[in-house]
>>> print(open('model_11.txt').read())   # compact mmCIF, C-alpha atoms
# COMPACT_ATOMS: atom_id res chain seq x y z
CA MET A 29 0.00 0.00 0.00
CA CYS A 30 1.28 3.48 0.87
CA VAL A 31 1.65 6.69 -0.99
CA GLU A 32 0.36 7.30 -4.51
CA GLY A 33 2.42 9.24 -7.02
CA THR A 34 1.74 12.99 -6.94
CA PRO A 35 2.97 15.63 -9.42
CA PRO A 36 5.83 17.71 -8.00
CA PRO A 37 5.27 21.29 -6.85
CA SER A 38 6.78 24.26 -8.61
CA SER A 39 10.56 24.19 -8.70
CA LYS A 40 10.46 27.52 -6.87
CA LEU A 41 8.93 25.82 -3.80
CA THR A 42 11.76 24.52 -1.63
CA ARG A 43 12.59 24.31 2.06
CA ARG A 44 11.13 27.36 3.82
CA GLY A 45 8.69 27.77 0.98
CA VAL A 46 6.77 24.75 2.28
CA LEU A 47 6.13 26.43 5.61
CA ALA A 48 5.45 29.80 4.00
CA GLY A 49 3.03 28.14 1.61
CA ALA A 50 1.26 26.46 4.49
CA ALA A 51 0.89 29.78 6.27
CA ALA A 52 -0.51 31.38 3.13
CA LEU A 53 -2.87 28.45 2.61
CA ALA A 54 -4.01 28.70 6.19
CA GLY A 55 -4.68 32.41 5.77
CA THR A 56 -6.73 31.76 2.66
CA LEU A 57 -8.77 28.95 4.15
CA ALA A 58 -9.04 30.31 7.67
CA ALA A 59 -11.71 32.77 6.62
CA ALA A 60 -14.04 29.87 5.88
CA GLY A 61 -13.08 28.13 9.10
CA HIS A 62 -13.56 31.25 11.24
CA ALA A 63 -16.81 32.03 9.49
CA THR A 64 -18.01 28.60 10.51
CA ALA A 65 -16.79 29.13 14.05
CA ALA A 66 -18.58 32.48 14.24
CA GLY A 67 -21.79 31.32 12.61
CA ASP A 68 -24.74 29.30 13.83
CA HIS A 69 -24.22 25.52 13.41
CA ARG A 70 -27.68 24.47 12.28
CA THR A 71 -27.30 20.76 12.92
CA ASP A 72 -29.74 18.54 14.72
CA SER A 73 -27.31 18.27 17.61
CA GLY A 74 -25.88 21.73 18.08
CA ARG A 75 -26.84 25.40 18.36
CA HIS A 76 -25.78 28.57 20.16
CA SER A 77 -27.30 29.73 23.38
CA PRO A 78 -29.67 32.66 22.73
CA GLY A 79 -28.04 36.07 22.76
CA THR A 80 -24.44 34.84 22.73
CA THR A 81 -21.63 35.75 20.37
CA PRO A 82 -19.51 32.61 20.22
CA ARG A 83 -15.72 32.75 20.46
CA ALA A 84 -13.67 30.30 18.45
CA GLY A 85 -12.24 27.56 20.64
CA HIS A 86 -14.77 28.10 23.45
CA MET A 87 -17.63 25.62 23.69
CA VAL A 88 -19.81 23.61 26.02
CA ILE A 89 -21.00 20.17 24.91
CA GLU A 90 -23.93 19.09 27.03
CA GLY A 91 -26.52 16.38 27.38
CA GLY A 92 -24.88 13.40 25.75
CA THR A 93 -23.32 10.17 26.99
CA LEU A 94 -19.57 10.60 27.47
CA LEU A 95 -17.15 7.68 27.06
CA ASP A 96 -13.62 7.81 28.47
CA PRO A 97 -11.63 5.23 26.46
CA ALA A 98 -8.86 5.07 29.05
CA THR A 99 -11.07 3.85 31.87
CA GLY A 100 -14.15 2.65 30.01
CA GLU A 101 -16.24 4.93 32.25
CA VAL A 102 -19.57 6.03 30.77
CA THR A 103 -21.14 9.28 32.02
CA GLU A 104 -24.74 10.00 31.11
CA ASN A 105 -26.10 13.54 30.82
CA ALA A 106 -22.53 14.76 30.55
CA VAL A 107 -21.01 18.21 30.16
CA VAL A 108 -17.68 18.99 28.49
CA VAL A 109 -16.32 22.53 28.87
CA ILE A 110 -13.75 23.62 26.26
CA GLU A 111 -11.84 26.89 26.61
CA ASP A 112 -9.21 28.07 24.14
CA GLY A 113 -9.40 24.70 22.42
CA THR A 114 -8.61 22.72 25.59
CA VAL A 115 -10.89 20.75 27.90
CA ARG A 116 -11.24 22.57 31.21
CA ALA A 117 -13.78 20.24 32.81
CA ALA A 118 -15.87 17.17 31.98
CA GLY A 119 -18.38 15.16 33.97
CA ARG A 120 -22.02 14.77 34.90
CA ARG A 121 -24.33 17.77 34.56
CA GLY A 122 -24.66 19.49 37.90
CA ALA A 123 -21.14 18.58 38.97
CA ILE A 124 -19.52 20.87 36.40
CA ALA A 125 -19.66 24.68 36.41
CA VAL A 126 -20.87 25.83 32.98
CA PRO A 127 -19.58 29.22 31.80
CA GLN A 128 -22.00 31.74 30.35
CA GLY A 129 -21.82 33.38 26.95
CA VAL A 130 -20.19 30.51 25.08
CA GLU A 131 -21.44 28.27 22.31
CA VAL A 132 -23.49 25.33 23.51
CA LEU A 133 -23.51 22.15 21.46
CA HIS A 134 -26.51 20.08 22.51
CA ALA A 135 -25.71 16.37 22.42
CA HIS A 136 -28.93 14.90 23.76
CA GLY A 137 -29.35 11.36 22.45
CA ARG A 138 -25.73 11.28 21.23
CA TRP A 139 -22.58 9.62 22.48
CA ILE A 140 -19.57 11.88 23.03
CA LEU A 141 -16.09 10.53 22.31
CA PRO A 142 -12.69 12.18 21.95
CA GLY A 143 -11.57 12.83 18.39
CA LEU A 144 -9.97 9.76 16.87
CA VAL A 145 -6.38 9.29 15.70
CA ASP A 146 -5.43 7.89 12.28
CA ALA A 147 -1.87 6.65 12.82
CA HIS A 148 -1.17 5.94 9.13
CA ILE A 149 -2.53 8.24 6.45
CA HIS A 150 -1.18 10.03 3.37
CA LEU A 151 -2.38 13.64 3.20
CA SER A 152 -1.29 15.68 0.20
CA THR A 153 -3.99 18.35 -0.19
CA ALA A 154 -6.04 20.74 1.91
CA ALA A 155 -9.21 18.98 0.74
CA GLU A 156 -7.95 15.62 2.03
CA ALA A 157 -6.95 17.20 5.33
CA ARG A 158 -10.40 18.70 5.83
CA ASP A 159 -12.11 15.47 4.82
CA THR A 160 -10.02 13.58 7.38
CA VAL A 161 -11.33 15.79 10.17
CA ARG A 162 -14.92 15.57 8.93
CA LYS A 163 -14.69 11.78 9.05
CA GLY A 164 -13.57 11.76 12.67
CA ALA A 165 -9.76 11.79 12.71
CA THR A 166 -8.77 14.98 14.50
CA SER A 167 -5.17 13.80 14.91
CA ALA A 168 -3.05 11.74 12.55
CA ARG A 169 0.40 10.51 11.63
CA SER A 170 1.57 10.77 8.05
CA GLY A 171 2.74 7.67 6.24
CA SER A 172 4.86 9.93 3.98
CA THR A 173 4.14 12.13 0.98
CA SER A 174 6.00 12.63 -2.28
CA PHE A 175 6.95 16.31 -1.92
CA TYR A 176 6.64 17.26 1.77
CA GLN A 177 2.96 18.13 1.51
CA ASP A 178 2.41 16.59 4.96
CA ILE A 179 4.68 19.18 6.56
CA ALA A 180 2.56 21.91 4.99
CA VAL A 181 -0.63 20.20 6.22
CA ARG A 182 0.84 20.09 9.72
CA GLU A 183 1.42 23.84 9.60
CA LEU A 184 -2.08 24.41 8.22
CA ALA A 185 -3.48 22.53 11.22
CA ARG A 186 -1.55 24.79 13.58
CA HIS A 187 -2.92 27.93 11.94
CA SER A 188 -6.51 26.73 11.43
CA PRO A 189 -7.30 23.57 13.43
CA ALA A 190 -10.78 23.03 11.97
CA LEU A 191 -9.24 22.62 8.51
CA ALA A 192 -6.79 19.79 9.22
CA PRO A 193 -5.94 17.14 11.79
CA ARG A 194 -3.10 17.65 14.22
CA LEU A 195 -0.43 15.91 12.14
CA THR A 196 2.82 14.11 12.84
CA ALA A 197 4.68 14.49 9.53
CA ALA A 198 6.96 11.87 7.98
CA GLY A 199 8.25 13.76 4.96
CA VAL A 200 9.37 11.59 2.03
CA PHE A 201 9.72 7.81 1.96
CA VAL A 202 13.18 6.30 2.57
CA THR A 203 12.99 3.73 -0.21
CA PRO A 204 15.46 2.26 -2.72
CA ASP A 205 13.86 4.00 -5.70
CA LEU A 206 12.93 7.59 -4.95
CA GLY A 207 11.56 8.22 -8.44
CA ASP A 208 10.29 11.77 -8.84
CA THR A 209 10.71 12.33 -5.11
CA VAL A 210 14.32 13.31 -5.85
CA LEU A 211 12.72 16.59 -7.00
CA ALA A 212 11.29 17.25 -3.55
CA ASP A 213 14.48 18.97 -2.40
CA PRO A 214 17.64 20.01 -4.26
CA ASP A 215 19.70 18.12 -1.68
CA LEU A 216 18.08 14.87 -2.82
CA THR A 217 18.82 15.24 -6.53
CA PRO A 218 22.40 13.84 -6.34
CA LEU A 219 20.86 10.52 -5.28
CA ALA A 220 19.31 10.16 -8.74
CA ARG A 221 22.69 9.15 -10.17
CA LEU A 222 23.10 6.19 -7.81
CA LYS A 223 23.06 3.03 -9.92
CA ASP A 224 21.64 0.83 -7.16
CA GLY A 225 19.35 3.46 -5.67
CA VAL A 226 19.21 4.50 -2.02
CA ARG A 227 20.96 1.54 -0.43
CA SER A 228 24.39 2.58 0.82
CA PRO A 229 24.75 3.82 4.43
CA GLU A 230 25.61 7.27 3.10
CA ALA A 231 22.52 7.45 0.87
CA LEU A 232 20.21 6.14 3.58
CA ARG A 233 21.53 8.70 6.06
CA ARG A 234 21.20 11.45 3.46
CA VAL A 235 17.48 10.92 2.92
CA VAL A 236 16.89 10.85 6.67
CA GLU A 237 18.95 14.02 7.15
CA VAL A 238 17.10 15.91 4.41
CA ASN A 239 13.78 14.84 5.91
CA LEU A 240 14.79 16.09 9.33
CA ALA A 241 16.13 19.35 7.89
CA ARG A 242 12.74 19.87 6.27
CA GLY A 243 11.07 19.43 9.66
CA ALA A 244 9.82 15.82 9.59
CA ASP A 245 8.61 14.51 12.95
CA VAL A 246 9.17 10.82 12.15
CA ILE A 247 10.88 8.79 9.43
CA LYS A 248 9.09 6.32 7.14
CA THR A 249 10.83 3.45 5.42
CA ARG A 250 10.07 -0.02 4.09
CA VAL A 251 11.40 -3.54 4.30
CA ASN A 252 9.13 -5.11 1.65
CA GLU A 253 7.68 -4.15 -1.71
CA ARG A 254 4.13 -2.76 -2.03
CA ALA A 255 0.94 -4.79 -1.82
CA GLY A 256 -1.06 -2.23 -3.78
CA LEU A 257 0.87 -2.65 -7.04
CA PRO A 258 0.12 -5.89 -8.90
CA GLU A 259 3.58 -6.00 -10.47
CA GLN A 260 5.31 -5.99 -7.07
CA ASP A 261 5.71 -8.86 -4.61
CA PRO A 262 4.88 -7.68 -1.06
CA LEU A 263 6.95 -10.53 0.38
CA ALA A 264 10.10 -9.49 -1.46
CA GLN A 265 12.55 -7.79 0.89
CA VAL A 266 14.18 -4.53 -0.25
CA TYR A 267 16.30 -3.60 2.78
CA SER A 268 18.37 -5.78 5.10
CA ARG A 269 18.39 -5.53 8.88
CA ASP A 270 21.68 -3.62 8.72
CA GLN A 271 20.25 -1.10 6.26
CA LEU A 272 17.17 -0.60 8.41
CA ALA A 273 19.40 -0.18 11.47
CA GLU A 274 21.27 2.58 9.62
CA ILE A 275 17.99 4.43 9.06
CA VAL A 276 16.92 3.95 12.68
CA ALA A 277 20.28 5.19 13.98
CA ALA A 278 20.18 8.30 11.78
CA ALA A 279 16.68 9.12 13.03
CA ARG A 280 17.51 8.44 16.68
CA ARG A 281 20.42 10.85 16.57
CA ARG A 282 17.78 13.55 16.24
CA GLY A 283 15.34 11.97 18.67
CA LYS A 284 13.00 10.64 15.98
CA GLY A 285 11.33 7.27 15.55
CA VAL A 286 10.84 5.15 12.43
CA LEU A 287 7.71 3.52 11.02
CA CYS A 288 8.30 0.64 8.64
CA HIS A 289 6.15 -0.71 5.79
CA SER A 290 6.36 -4.49 6.07
CA TYR A 291 4.63 -7.73 5.10
CA SER A 292 6.82 -10.85 5.26
CA GLU A 293 7.68 -12.52 8.54
CA GLN A 294 11.43 -12.18 7.91
CA GLY A 295 11.00 -8.57 6.90
CA CYS A 296 8.91 -7.82 9.98
CA HIS A 297 11.46 -9.51 12.23
CA ASP A 298 14.40 -7.65 10.69
CA ALA A 299 12.56 -4.34 11.03
CA VAL A 300 11.72 -4.91 14.69
CA MET A 301 15.25 -6.09 15.51
CA ALA A 302 16.62 -2.99 13.76
CA GLY A 303 14.77 -0.86 16.31
CA ILE A 304 11.78 0.62 14.50
CA ARG A 305 9.10 2.39 16.53
CA SER A 306 6.11 0.87 14.70
CA LEU A 307 5.43 -1.94 12.27
CA GLU A 308 3.01 -0.99 9.48
CA HIS A 309 0.74 -3.53 7.71
CA GLY A 310 2.63 -6.60 8.94
CA ALA A 311 0.27 -9.21 7.47
CA PHE A 312 2.60 -12.17 8.02
CA VAL A 313 4.22 -11.10 11.28
CA GLY A 314 4.99 -14.21 13.29
CA GLU A 315 4.86 -15.16 16.93
CA ARG A 316 8.59 -14.73 17.55
CA THR A 317 8.40 -11.19 16.19
CA LEU A 318 5.29 -10.36 18.20
CA HIS A 319 7.04 -11.50 21.38
CA GLU A 320 9.98 -9.26 20.48
CA MET A 321 7.59 -6.36 19.82
CA ARG A 322 6.03 -6.78 23.23
CA ARG A 323 9.45 -6.86 24.86
CA ARG A 324 10.62 -3.73 23.03
CA GLY A 325 7.33 -1.83 23.12
CA THR A 326 7.14 -1.76 19.32
CA TYR A 327 3.72 -0.69 18.05
CA PHE A 328 1.68 -2.52 15.43
CA THR A 329 -0.36 -0.47 12.93
CA PRO A 330 -2.02 -3.15 10.76
CA THR A 331 -4.00 -0.85 8.39
CA LEU A 332 -6.80 -3.41 8.01
CA THR A 333 -8.79 -0.86 5.99
CA ALA A 334 -6.20 -0.84 3.24
CA ILE A 335 -5.96 -4.62 3.04
CA ALA A 336 -9.76 -4.95 3.02
CA GLY A 337 -9.79 -2.42 0.20
CA LEU A 338 -7.51 -4.62 -1.89
CA ALA A 339 -10.08 -7.40 -1.74
CA GLU A 340 -12.53 -5.07 -3.50
CA SER A 341 -10.11 -4.13 -6.29
CA SER A 342 -11.08 -4.58 -9.93
CA ASP A 343 -7.57 -5.93 -10.54
CA PRO A 344 -7.71 -9.72 -10.05
CA VAL A 345 -4.17 -9.90 -8.63
CA LEU A 346 -4.90 -7.25 -6.01
CA ALA A 347 -8.32 -8.70 -5.20
CA GLU A 348 -6.86 -12.15 -4.59
CA ARG A 349 -4.06 -10.61 -2.54
CA GLY A 350 -6.57 -8.78 -0.36
CA ARG A 351 -8.76 -11.85 0.15
CA THR A 352 -5.70 -13.89 1.13
CA TYR A 353 -4.03 -11.30 3.37
CA LEU A 354 -7.03 -9.98 5.31
CA PRO A 355 -7.84 -13.08 7.41
CA VAL A 356 -4.13 -13.64 8.05
CA LEU A 357 -3.73 -10.05 9.22
CA LYS A 358 -6.80 -10.26 11.46
CA ARG A 359 -5.32 -13.31 13.18
CA ALA A 360 -2.06 -11.40 13.64
CA VAL A 361 -3.94 -8.46 15.18
CA LEU A 362 -5.72 -10.69 17.68
CA ALA A 363 -2.49 -12.53 18.54
CA ALA A 364 -0.72 -9.21 19.06
CA HIS A 365 -3.50 -7.93 21.29
CA GLU A 366 -3.54 -11.10 23.39
CA LEU A 367 0.23 -10.90 23.85
CA GLY A 368 0.09 -7.26 24.90
CA VAL A 369 1.66 -5.72 21.78
CA PRO A 370 0.43 -2.09 21.58
CA LEU A 371 -1.91 -1.52 18.64
CA ALA A 372 -2.66 1.69 16.76
CA ALA A 373 -5.39 2.26 14.18
CA GLY A 374 -4.49 3.58 10.73
CA THR A 375 -6.34 3.57 7.42
CA ASP A 376 -3.42 4.05 4.98
CA SER A 377 -5.73 6.37 3.03
CA SER A 378 -4.08 7.89 -0.06
CA GLY A 379 -4.69 9.04 -3.59
CA GLY A 380 -7.41 11.54 -2.71
CA VAL A 381 -9.71 9.06 -0.97
CA VAL A 382 -9.99 9.37 2.81
CA ASP A 383 -11.41 6.33 4.57
CA PRO A 384 -13.12 6.96 7.92
CA ILE A 385 -10.92 5.94 10.82
CA GLY A 386 -14.05 4.50 12.41
CA GLY A 387 -13.95 1.77 9.77
CA GLU A 388 -10.53 0.70 11.04
CA VAL A 389 -11.93 0.48 14.57
CA GLU A 390 -14.78 -1.67 13.26
CA LEU A 391 -12.26 -3.98 11.56
CA MET A 392 -10.22 -4.20 14.78
CA HIS A 393 -13.39 -5.36 16.50
CA SER A 394 -14.06 -7.89 13.74
CA ALA A 395 -10.55 -9.25 14.33
CA GLY A 396 -11.56 -10.19 17.88
CA LEU A 397 -10.97 -7.11 20.03
CA SER A 398 -13.73 -5.96 22.35
CA PRO A 399 -15.44 -2.73 21.25
CA LEU A 400 -13.64 -0.77 23.99
CA ASP A 401 -10.24 -2.21 23.13
CA ALA A 402 -10.88 -1.51 19.44
CA ILE A 403 -11.77 2.11 20.28
CA ARG A 404 -8.55 2.40 22.29
CA THR A 405 -6.49 1.62 19.17
CA ALA A 406 -7.76 4.92 17.69
CA THR A 407 -7.63 6.92 20.92
CA THR A 408 -5.31 6.19 23.83
CA GLY A 409 -3.22 3.60 21.95
CA ALA A 410 -2.58 5.73 18.89
CA ALA A 411 -2.04 8.80 21.08
CA SER A 412 0.71 6.96 22.93
CA LEU A 413 2.39 5.97 19.67
CA LEU A 414 2.39 9.60 18.52
CA GLY A 415 3.71 10.84 21.86
CA LEU A 416 0.42 12.63 22.54
CA THR A 417 -0.66 10.95 25.77
CA GLY A 418 -2.14 13.68 27.92
CA THR A 419 -3.06 15.70 24.84
CA VAL A 420 -5.41 13.57 22.71
CA GLY A 421 -7.43 10.38 23.10
CA ARG A 422 -9.56 11.48 26.07
CA LEU A 423 -11.92 14.30 27.01
CA THR A 424 -10.57 15.13 30.44
CA ARG A 425 -9.03 18.29 31.84
CA GLY A 426 -5.95 19.40 29.91
CA HIS A 427 -6.67 17.32 26.81
CA THR A 428 -7.39 19.01 23.52
CA GLY A 429 -11.00 19.93 22.79
CA ASP A 430 -11.46 17.44 19.95
CA ALA A 431 -14.72 15.51 20.15
CA LEU A 432 -17.12 13.36 18.15
CA LEU A 433 -20.88 13.23 18.56
CA LEU A 434 -22.12 9.81 17.48
CA PRO A 435 -25.62 8.63 16.57
CA GLY A 436 -25.42 5.52 18.74
CA ASP A 437 -23.52 3.50 21.31
CA PRO A 438 -20.03 2.57 20.00
CA LEU A 439 -19.68 -0.05 22.73
CA ALA A 440 -22.66 -1.87 21.24
CA ASP A 441 -21.80 -1.18 17.59
CA PRO A 442 -18.38 0.28 16.70
CA ALA A 443 -19.68 0.92 13.16
CA VAL A 444 -21.30 4.15 14.42
CA LEU A 445 -17.77 5.62 14.56
CA LYS A 446 -17.84 5.78 10.76
CA ARG A 447 -20.78 8.21 10.87
CA PRO A 448 -20.07 11.06 13.30
CA VAL A 449 -22.97 13.50 13.48
CA THR A 450 -20.69 16.36 14.54
CA VAL A 451 -16.91 16.71 14.78
CA VAL A 452 -15.34 19.30 17.07
CA ARG A 453 -11.73 20.27 16.49
CA ALA A 454 -10.05 22.36 19.20
CA GLY A 455 -13.42 23.70 20.33
CA VAL A 456 -14.70 24.53 16.84
CA VAL A 457 -17.28 22.54 14.88
CA ALA A 458 -15.66 21.23 11.68
CA ALA A 459 -17.89 21.90 8.69
>>> encode(input="model_11.txt", output="structure tokens")
Amino acid sequence: MCVEGTPPPSSKLTRRGVLAGAAALAGTLAAAGHATAAGDHRTDSGRHSPGTTPRAGHMVIEGGTLLDPATGEVTENAVVVIEDGTVRAAGRRGAIAVPQGVEVLHAHGRWILPGLVDAHIHLSTAAEARDTVRKGATSARSGSTSFYQDIAVRELARHSPALAPRLTAAGVFVTPDLGDTVLADPDLTPLARLKDGVRSPEALRRVVEVNLARGADVIKTRVNERAGLPEQDPLAQVYSRDQLAEIVAAARRRGKGVLCHSYSEQGCHDAVMAGIRSLEHGAFVGERTLHEMRRRGTYFTPTLTAIAGLAESSDPVLAERGRTYLPVLKRAVLAAHELGVPLAAGTDSSGGVVDPIGGEVELMHSAGLSPLDAIRTATTGAASLLGLTGTVGRLTRGHTGDALLLPGDPLADPAVLKRPVTVVRAGVVAA
């Protein structure tokens, strides 16, 4: 799976231009976002209190059933107070002081959950970023982009939170064949002349260093070929353990972790032994590797959504691959969960199509996890992977004011997570 090819940006857009472009984009789009924040949200679950002039980032959600994924506690007739985009208080009505003169989002008959986390997604446009939020992922981790678009999306989210998820950016893929990605930065272009591609220690370190200079938060690499291309063999290994260790070491020198695209058991094992932070896809990960992951605290992001999508492909090779891989991957997910390997939900959405992160939670449940444990993979579990524990994944004091209003009980039917009635991002309704 992983990132689709995307045309390169203008040759004039390099380095600081990415951040400047993001700021300009945020300024252009913020007007729409602030207009939404300042206007009346005419949904069946939210409105302003009479006579109030709402302030962006200030909101009270009241009347719904609040779920805390960390504890499993369910609070009926709940109130969540958000100030400056951060939760100031949450609990049962009557036990929480409700400020006056702020927007009130009525959640009667709804379930209230924290915004979800998509721990593996490819975001290359502002439209994809906004769609991600609308579908329930208010935080995310990039699985790489071709020309550093994810770094720009991250900056957009900082300027105008309702327009993009809080994003951990991966920059460009550390892969043997960079293709047109060598045009992403002038410092990458010398790698185009390498006969064997990005394989030597020097070349591997160079791609990592350019990523980090561009401002990447994590590094993405691979150990196997892609499953989403019929001409490639996902079980064929492209990097050795030593090569992966070189990438991990270069990232660690700057305090960054590595996520690794993987499928074969040997590839998964080599990646984990090389010290990666999270194993992506991992359809054929074996028991010995899962035990090692538990020991090391390596996360597993299985991207069940992407593998299920292969099974629906019009290409017979991909369809057969998806039908074969999906049950194997589900067994691996359940085995990992039972062993205590930390799991994180990710859709691997790319190519302009954003899959709802709630669908990944539903697939986690279908693999054998309880509804609450499945929800944790897209809340507290994914937050921990991204280093955001205490910031996202719960609606308690000090956490960000990201919330979903759902039409039903996710503990009875996790599928309702695919259909949020309202999404709140940093105290603003995303429209």
>>> closest_residue(input="model_11.txt", among="A:Leu151, A:Ala255, A:Val109, A:Ala402", to="Gly337 (chain A)", atoms="only C-alpha atoms")
A:Ala255
>>> closest_atom_pairs(input="model_11.txt", of="region 144-199 of chain A", to="region 275-291 of chain A", cutoff="12 Å", atoms="all atoms listed in the file", output="JSON lines")
{"residue": "A:Ala147", "atom": "CA", "partner": "A:Leu287", "partner_atom": "CA", "distance": 10.2}
{"residue": "A:His148", "atom": "CA", "partner": "A:Leu287", "partner_atom": "CA", "distance": 9.4}
{"residue": "A:Arg169", "atom": "CA", "partner": "A:Leu287", "partner_atom": "CA", "distance": 10.1}
{"residue": "A:Ser170", "atom": "CA", "partner": "A:Leu287", "partner_atom": "CA", "distance": 10.0}
{"residue": "A:Gly171", "atom": "CA", "partner": "A:Leu287", "partner_atom": "CA", "distance": 8.0}
{"residue": "A:Ser172", "atom": "CA", "partner": "A:Leu287", "partner_atom": "CA", "distance": 9.9}
{"residue": "A:Thr196", "atom": "CA", "partner": "A:Lys284", "partner_atom": "CA", "distance": 11.2}
{"residue": "A:Ala197", "atom": "CA", "partner": "A:Lys284", "partner_atom": "CA", "distance": 11.2}
{"residue": "A:Ala198", "atom": "CA", "partner": "A:Leu287", "partner_atom": "CA", "distance": 8.9}
{"residue": "A:Gly199", "atom": "CA", "partner": "A:Val286", "partner_atom": "CA", "distance": 11.7}
>>> residues_around(input="model_11.txt", residues="Ser268 (chain A)", least_positions_apart="2", cutoff="9 Å", atoms="all atoms listed in the file", output="PDB file with C-alpha atoms, in the frame of the given file")
ATOM      1  CA  VAL A 251      11.400  -3.540   4.300  1.00  0.00           C
ATOM      2  CA  GLN A 265      12.550  -7.790   0.890  1.00  0.00           C
ATOM      3  CA  VAL A 266      14.180  -4.530  -0.250  1.00  0.00           C
ATOM      4  CA  ASP A 270      21.680  -3.620   8.720  1.00  0.00           C
ATOM      5  CA  GLN A 271      20.250  -1.100   6.260  1.00  0.00           C
ATOM      6  CA  LEU A 272      17.170  -0.600   8.410  1.00  0.00           C
ATOM      7  CA  ALA A 273      19.400  -0.180  11.470  1.00  0.00           C
ATOM      8  CA  GLY A 295      11.000  -8.570   6.900  1.00  0.00           C
ATOM      9  CA  ASP A 298      14.400  -7.650  10.690  1.00  0.00           C
ATOM     10  CA  ALA A 299      12.560  -4.340  11.030  1.00  0.00           C
TER      11      ALA A 299
END
>>> atom_distance(input="model_11.txt", atom1="CA of His134 (chain A)", atom2="CA of Leu416 (chain A)")
27.9 Å
>>> closest_residue(input="model_11.txt", among="A:Val107, A:Ala190, A:Ala311, A:Met321", to="Ala84 (chain A)", atoms="all atoms listed in the file")
A:Ala190
>>> residues_around(input="model_11.txt", residues="Val210 (chain A)", least_positions_apart="6", cutoff="12 Å", atoms="all atoms listed in the file", output="JSON, numbers by chain")
{"A": [36, 39, 174, 175, 176, 200, 201, 202, 203, 204, 216, 217, 218, 219, 220, 221, 222, 225, 226, 234, 235, 238, 239]}
>>> atom_distance(input="model_11.txt", atom1="CA of Gly92 (chain A)", atom2="CA of Leu433 (chain A)")
8.2 Å
>>> atom_distance(input="model_11.txt", atom1="CA of Val181 (chain A)", atom2="CA of Ala458 (chain A)")
16.0 Å
>>> closest_residue(input="model_11.txt", among="A:Val102, A:Val246, A:Leu141, A:Val300", to="Thr450 (chain A)", atoms="only C-alpha atoms")
A:Leu141
>>> residues_around(input="model_11.txt", residues="region 163-168 of chain A", least_positions_apart="4", cutoff="6 Å", atoms="all atoms listed in the file", output="list in words")
Gly143, Leu144, Val145, Asp146, Ala147, Pro193, Arg194, Leu195 and Pro384 of chain A
>>> closest_residue(input="model_11.txt", among="A:Gln294, A:Ser394, A:Asn105, A:Ser377", to="Tyr267 (chain A)", atoms="all atoms listed in the file")
A:Gln294
>>> closest_residue(input="model_11.txt", among="A:Arg250, A:Thr114, A:Gly421, A:Gly100", to="Ser398 (chain A)", atoms="all atoms listed in the file")
A:Gly100
>>> residues_around(input="model_11.txt", residues="Gly396 (chain A)", least_positions_apart="4", cutoff="9 Å", atoms="all atoms listed in the file", output="list in words")
Lys358, Arg359, Val361, Leu362, Leu391, Met392 and Ala402 of chain A
>>> build_atoms(input="model_11.txt", residues="region 268-278 of chain A", atoms="N, CA and C atoms", output="PDB file, keeping the file's coordinate frame")
ATOM      1  N   SER A 268      17.920  -4.805   4.101  1.00  0.00           N
ATOM      2  CA  SER A 268      18.370  -5.780   5.100  1.00  0.00           C
ATOM      3  C   SER A 268      18.228  -5.181   6.501  1.00  0.00           C
ATOM      4  N   ARG A 269      18.439  -6.021   7.503  1.00  0.00           N
ATOM      5  CA  ARG A 269      18.390  -5.530   8.880  1.00  0.00           C
ATOM      6  C   ARG A 269      19.422  -4.441   9.106  1.00  0.00           C
ATOM      7  N   ASP A 270      20.627  -4.627   8.552  1.00  0.00           N
ATOM      8  CA  ASP A 270      21.680  -3.620   8.720  1.00  0.00           C
ATOM      9  C   ASP A 270      21.295  -2.296   8.083  1.00  0.00           C
ATOM     10  N   GLN A 271      20.675  -2.341   6.912  1.00  0.00           N
ATOM     11  CA  GLN A 271      20.250  -1.100   6.260  1.00  0.00           C
ATOM     12  C   GLN A 271      19.155  -0.402   7.067  1.00  0.00           C
ATOM     13  N   LEU A 272      18.221  -1.179   7.579  1.00  0.00           N
ATOM     14  CA  LEU A 272      17.170  -0.600   8.410  1.00  0.00           C
ATOM     15  C   LEU A 272      17.769  -0.001   9.683  1.00  0.00           C
ATOM     16  N   ALA A 273      18.757  -0.684  10.261  1.00  0.00           N
ATOM     17  CA  ALA A 273      19.400  -0.180  11.470  1.00  0.00           C
ATOM     18  C   ALA A 273      20.104   1.152  11.205  1.00  0.00           C
ATOM     19  N   GLU A 274      20.631   1.313   9.991  1.00  0.00           N
ATOM     20  CA  GLU A 274      21.270   2.580   9.620  1.00  0.00           C
ATOM     21  C   GLU A 274      20.244   3.712   9.616  1.00  0.00           C
ATOM     22  N   ILE A 275      19.066   3.437   9.089  1.00  0.00           N
ATOM     23  CA  ILE A 275      17.990   4.430   9.060  1.00  0.00           C
ATOM     24  C   ILE A 275      17.544   4.771  10.476  1.00  0.00           C
ATOM     25  N   VAL A 276      17.353   3.741  11.298  1.00  0.00           N
ATOM     26  CA  VAL A 276      16.920   3.950  12.680  1.00  0.00           C
ATOM     27  C   VAL A 276      17.953   4.781  13.442  1.00  0.00           C
ATOM     28  N   ALA A 277      19.227   4.466  13.261  1.00  0.00           N
ATOM     29  CA  ALA A 277      20.280   5.190  13.980  1.00  0.00           C
ATOM     30  C   ALA A 277      20.323   6.660  13.561  1.00  0.00           C
ATOM     31  N   ALA A 278      20.163   6.914  12.267  1.00  0.00           N
ATOM     32  CA  ALA A 278      20.180   8.300  11.780  1.00  0.00           C
ATOM     33  C   ALA A 278      19.006   9.089  12.353  1.00  0.00           C
TER      34      ALA A 278
END
